[in-house]
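What follows is the content of upload_3.tsv (TSV, C-alpha atoms).
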```tsv
chain	number	residue	atom	x	y	z
A	486	MET	CA	-17.81	3.54	-5.48
A	487	LEU	CA	-14.03	3.45	-5.33
A	488	PHE	CA	-11.78	5.37	-2.95
A	489	CYS	CA	-14.49	7.64	-1.58
A	490	LEU	CA	-14.75	9.40	1.77
A	491	GLY	CA	-17.59	10.84	3.79
A	492	ASP	CA	-17.29	13.95	5.93
A	493	GLY	CA	-14.76	13.27	8.66
A	494	LYS	CA	-13.35	10.03	9.98
A	495	TYR	CA	-16.52	8.61	11.51
A	496	GLU	CA	-19.18	10.60	9.68
A	497	SER	CA	-21.80	8.75	7.68
A	498	LYS	CA	-22.59	11.63	5.38
A	499	GLY	CA	-20.96	13.87	2.82
A	500	GLU	CA	-19.67	14.00	-0.72
A	501	GLY	CA	-18.30	10.48	-0.96
A	502	TYR	CA	-20.48	8.56	1.48
A	503	GLN	CA	-22.56	5.68	0.12
A	504	LYS	CA	-23.20	7.08	-3.32
A	505	ASN	CA	-23.22	5.01	-6.48
A	506	ASN	CA	-20.88	5.49	-9.43
A	507	ARG	CA	-18.26	7.60	-7.71
A	508	VAL	CA	-14.49	7.52	-7.90
A	509	PHE	CA	-12.48	9.66	-5.50
A	510	ASN	CA	-15.76	11.43	-4.61
A	511	ILE	CA	-16.41	12.34	-8.28
A	512	GLN	CA	-19.59	11.23	-10.04
A	513	VAL	CA	-18.92	8.99	-13.06
A	514	THR	CA	-21.16	7.06	-15.42
A	515	PRO	CA	-21.85	3.39	-14.64
A	516	GLU	CA	-19.89	2.48	-17.77
A	517	GLU	CA	-16.88	4.54	-16.69
A	518	LEU	CA	-16.93	2.92	-13.25
A	519	ASP	CA	-17.05	-0.54	-14.83
A	520	THR	CA	-14.09	0.32	-17.08
A	521	ILE	CA	-12.09	1.63	-14.12
A	522	LYS	CA	-12.81	-1.52	-12.12
A	523	LEU	CA	-11.65	-3.69	-15.01
A	524	ASN	CA	-8.37	-1.76	-15.33
A	525	ILE	CA	-7.22	-1.78	-11.72
A	526	PRO	CA	-5.54	-4.85	-10.29
A	527	THR	CA	-7.26	-7.01	-7.73
A	528	ILE	CA	-5.34	-7.01	-4.49
A	529	LYS	CA	-5.71	-9.05	-1.35
A	530	LEU	CA	-5.07	-7.07	1.79
A	531	PRO	CA	-3.56	-9.27	4.50
A	532	VAL	CA	-5.34	-9.09	7.85
A	533	THR	CA	-2.47	-10.72	9.74
A	534	ARG	CA	1.26	-11.22	9.40
A	535	TRP	CA	3.59	-13.62	11.22
A	536	ILE	CA	6.37	-11.76	13.05
A	537	GLU	CA	9.46	-13.78	13.96
A	538	GLU	CA	10.85	-13.35	17.47
A	539	LYS	CA	14.02	-11.69	16.14
A	540	GLU	CA	11.87	-9.04	14.38
A	541	MET	CA	9.72	-8.25	17.43
A	542	THR	CA	10.02	-5.01	19.36
A	543	ASP	CA	10.30	-5.02	23.15
A	544	GLU	CA	6.72	-3.73	23.33
A	545	GLU	CA	5.48	-6.59	21.12
A	546	LYS	CA	7.29	-9.09	23.35
A	547	GLU	CA	5.62	-7.62	26.44
A	548	GLU	CA	2.17	-7.80	24.83
A	549	ASN	CA	2.61	-11.35	23.49
A	550	GLU	CA	3.88	-13.56	26.29
A	551	ASN	CA	3.79	-16.77	24.23
A	552	TYR	CA	6.29	-15.54	21.66
A	553	LYS	CA	9.13	-17.60	23.19
A	554	THR	CA	7.14	-20.82	22.86
A	555	LEU	CA	5.88	-19.98	19.38
A	556	GLY	CA	9.00	-18.28	18.04
A	557	GLY	CA	7.04	-15.11	17.26
A	558	TYR	CA	3.44	-13.95	17.09
A	559	LEU	CA	0.61	-13.32	14.66
A	560	LYS	CA	0.23	-9.57	14.23
A	561	VAL	CA	-3.18	-8.19	13.31
A	562	LEU	CA	-2.73	-5.47	10.68
A	563	SER	CA	-4.76	-2.30	10.47
A	564	TYR	CA	-6.35	-1.46	7.12
A	565	GLN	CA	-3.67	1.15	6.42
A	566	ASP	CA	-0.81	-1.12	7.51
A	567	ALA	CA	-2.15	-3.84	5.20
A	568	TRP	CA	-2.24	-1.35	2.30
A	569	LYS	CA	1.31	-0.18	3.06
A	570	LEU	CA	2.56	-3.76	3.09
A	571	VAL	CA	0.90	-4.61	-0.23
A	572	TRP	CA	2.03	-1.31	-1.78
A	573	SER	CA	5.65	-1.92	-0.73
A	574	GLU	CA	5.56	-5.29	-2.51
A	575	MET	CA	3.95	-3.99	-5.73
A	576	ASN	CA	6.01	-3.35	-8.83
A	577	GLN	CA	5.88	0.14	-10.35
A	578	GLU	CA	3.65	-0.96	-13.23
A	579	THR	CA	0.96	-2.11	-10.80
A	580	LYS	CA	1.29	1.05	-8.70
A	581	ASP	CA	0.92	3.13	-11.87
A	582	LYS	CA	-2.41	1.44	-12.60
A	583	PHE	CA	-3.75	2.76	-9.30
A	584	LEU	CA	-2.17	6.19	-9.79
A	585	SER	CA	-3.72	6.51	-13.26
A	586	ILE	CA	-7.29	5.89	-12.10
A	587	PRO	CA	-9.41	8.72	-13.56
A	588	HIS	CA	-10.03	11.47	-10.98
A	589	PHE	CA	-7.16	10.16	-8.80
A	590	ASP	CA	-6.86	12.28	-5.66
A	591	SER	CA	-3.65	11.78	-3.68
A	592	LYS	CA	-5.14	13.32	-0.53
A	593	ILE	CA	-8.11	10.92	-0.50
A	594	PHE	CA	-5.80	8.01	-1.36
A	595	LYS	CA	-3.53	8.88	1.57
A	596	THR	CA	-6.46	9.25	3.97
A	597	ILE	CA	-7.81	5.82	3.01
A	598	THR	CA	-4.57	3.84	2.56
A	599	GLY	CA	-2.01	5.80	4.59
A	600	ILE	CA	0.20	5.95	1.50
A	601	ASP	CA	1.64	9.31	0.49
A	602	VAL	CA	2.21	9.02	-3.25
A	603	SER	CA	3.66	12.52	-3.45
A	604	VAL	CA	6.85	11.16	-1.89
A	605	LYS	CA	8.73	9.69	-4.84
A	606	GLU	CA	11.06	6.76	-4.31
A	607	PRO	CA	14.47	7.40	-5.84
A	608	SER	CA	15.16	5.46	-9.01
A	609	LEU	CA	18.36	3.45	-9.13
A	610	SER	CA	17.94	2.70	-12.82
A	611	GLY	CA	21.11	3.58	-14.73
A	612	LYS	CA	23.18	4.10	-11.57
A	613	GLU	CA	26.64	2.61	-11.34
A	614	VAL	CA	27.59	0.64	-8.25
A	615	LYS	CA	30.91	-0.83	-7.19
A	616	VAL	CA	30.78	-4.50	-6.32
A	617	GLU	CA	33.44	-6.79	-4.93
A	618	ILE	CA	33.06	-10.51	-5.54
A	619	ASP	CA	35.69	-13.01	-4.41
A	620	GLY	CA	38.22	-10.22	-4.02
A	621	LYS	CA	37.70	-8.83	-7.53
A	622	LYS	CA	36.24	-5.35	-7.99
A	623	TYR	CA	33.57	-4.64	-10.59
A	624	VAL	CA	31.39	-1.73	-11.66
A	625	ALA	CA	27.80	-2.70	-12.38
A	626	VAL	CA	25.01	-0.63	-13.92
A	627	ILE	CA	21.53	-1.14	-12.45
A	628	LYS	CA	18.80	-1.78	-15.02
```
Encoding of this model in structure tokens:
Amino acid sequence: MLFCLGDGKYESKGEGYQKNNRVFNIQVTPEELDTIKLNIPTIKLPVTRWIEEKEMTDEEKEENENYKTLGGYLKVLSYQDAWKLVWSEMNQETKDKFLSIPHFDSKIFKTITGIDVSVKEPSLSGKEVKVEIDGKKYVAVIK
């Protein structure tokens, strides 16, 4: 099963709970599931991330007293925070592979990953920007 949910946050029952050959709570053939698995990228969700002292919030500094000695702290990421980090570093082609999974359901995807794919990032492709380098002014077009 891929991207499936049971009934409610902590419920161990329902449409998507522990059922074979399901994608976004939809029944698929074993062959279709295998094809889907082959076509989506493998990702590694980070469980921790080093946070430099200069990037720490006051609350993080209070909770991690050794940050001055260490120069920061090791932050434990939630499942959704790990997904958001990986998603923010993915190129659009890789994101599109996830978004084109058969039976894709943005609501289920958001519930599992915390990522709202209905919010589109603005494209800068083709936009003109003014740049000044060594006192000279240029107009550049973003690819």
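Between CA of Leu562 (chain A) and CA of Arg507 (chain A) the interatomic distance comes to 27.4 Å.
Between CA of Lys539 (chain A) and CA of Tyr558 (chain A) there is a distance of 10.9 Å.
Summary of the local environment: counting all atoms listed in the file, residues at most 9 Å from Val561 (chain A), other than itself and those fewer than 3 positions away along its chain, are Pro531, Val532, Thr533, Arg534 and Trp535 of chain A.
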Next on the checklist: Applying 7 Å and all atoms listed in the file, which residues near region 591-601 of chain A remain after dropping the ones on its own chain fewer than 2 positions away? List them as a VMD selection string.
Outcome noted: chain A and resid 488 509 565 568 to 569 589 603 to 604
Next, dump the selected residues to file, keeping only C-alpha atoms, as a PDB file, in the coordinates of the input.
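Produced file result_33.pdb, reproduced below:
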```
ATOM      1  CA  PHE A 488     -11.780   5.370  -2.950  1.00  0.00           C
ATOM      2  CA  PHE A 509     -12.480   9.660  -5.500  1.00  0.00           C
ATOM      3  CA  GLN A 565      -3.670   1.150   6.420  1.00  0.00           C
ATOM      4  CA  TRP A 568      -2.240  -1.350   2.300  1.00  0.00           C
ATOM      5  CA  LYS A 569       1.310  -0.180   3.060  1.00  0.00           C
ATOM      6  CA  PHE A 589      -7.160  10.160  -8.800  1.00  0.00           C
ATOM      7  CA  SER A 603       3.660  12.520  -3.450  1.00  0.00           C
ATOM      8  CA  VAL A 604       6.850  11.160  -1.890  1.00  0.00           C
TER       9      VAL A 604
END
```
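Shortest atom-to-atom contact with Lys529 (chain A) among A:Ala625, A:Leu584, A:Ala567, A:Val602: A:Ala567, counting only C-alpha atoms.
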Using all atoms listed in the file, which residues sit within 10 Å of region 511-522 of chain A once same-chain residues fewer than 6 positions away are excluded, as a PDB file with C-alpha atoms, keeping the file's coordinate frame?
```pdb
ATOM      1  CA  MET A 486     -17.810   3.540  -5.480  1.00  0.00           C
ATOM      2  CA  LEU A 487     -14.030   3.450  -5.330  1.00  0.00           C
ATOM      3  CA  PHE A 488     -11.780   5.370  -2.950  1.00  0.00           C
ATOM      4  CA  CYS A 489     -14.490   7.640  -1.580  1.00  0.00           C
ATOM      5  CA  GLU A 500     -19.670  14.000  -0.720  1.00  0.00           C
ATOM      6  CA  GLY A 501     -18.300  10.480  -0.960  1.00  0.00           C
ATOM      7  CA  LYS A 504     -23.200   7.080  -3.320  1.00  0.00           C
ATOM      8  CA  ASN A 505     -23.220   5.010  -6.480  1.00  0.00           C
ATOM      9  CA  LYS A 582      -2.410   1.440 -12.600  1.00  0.00           C
ATOM     10  CA  PHE A 583      -3.750   2.760  -9.300  1.00  0.00           C
ATOM     11  CA  SER A 585      -3.720   6.510 -13.260  1.00  0.00           C
ATOM     12  CA  ILE A 586      -7.290   5.890 -12.100  1.00  0.00           C
ATOM     13  CA  PRO A 587      -9.410   8.720 -13.560  1.00  0.00           C
ATOM     14  CA  HIS A 588     -10.030  11.470 -10.980  1.00  0.00           C
ATOM     15  CA  PHE A 589      -7.160  10.160  -8.800  1.00  0.00           C
ATOM     16  CA  ASP A 590      -6.860  12.280  -5.660  1.00  0.00           C
TER      17      ASP A 590
END
```
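The space between CA of Gly557 (chain A) and CA of Asp543 (chain A) spans 12.1 Å.
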Next on the checklist: My list of candidates is A:Thr527, A:Lys560, A:Asn506, A:Val571. Which is closest to Glu540 (chain A) when distances are computed with all atoms listed in the file?
Outcome noted: A:Lys560
Around all the atoms of region 576-588 of chain A listed in the file, draw an axis-aligned box and extend it by 3 Å on each of the six sides; I want its centre and edge lengths in Å to one decimal, as JSON.
```
{"center_x": -2.0, "center_y": 4.1, "center_z": -11.1, "size_x": 22.0, "size_y": 20.8, "size_z": 10.9}
```
Next on the checklist: Show me, as a count of residues only, the residues that have an atom within 12 Å of Lys553 (chain A) when counting only C-alpha atoms, minus same-chain residues fewer than 4 positions from it.
Outcome noted: 10
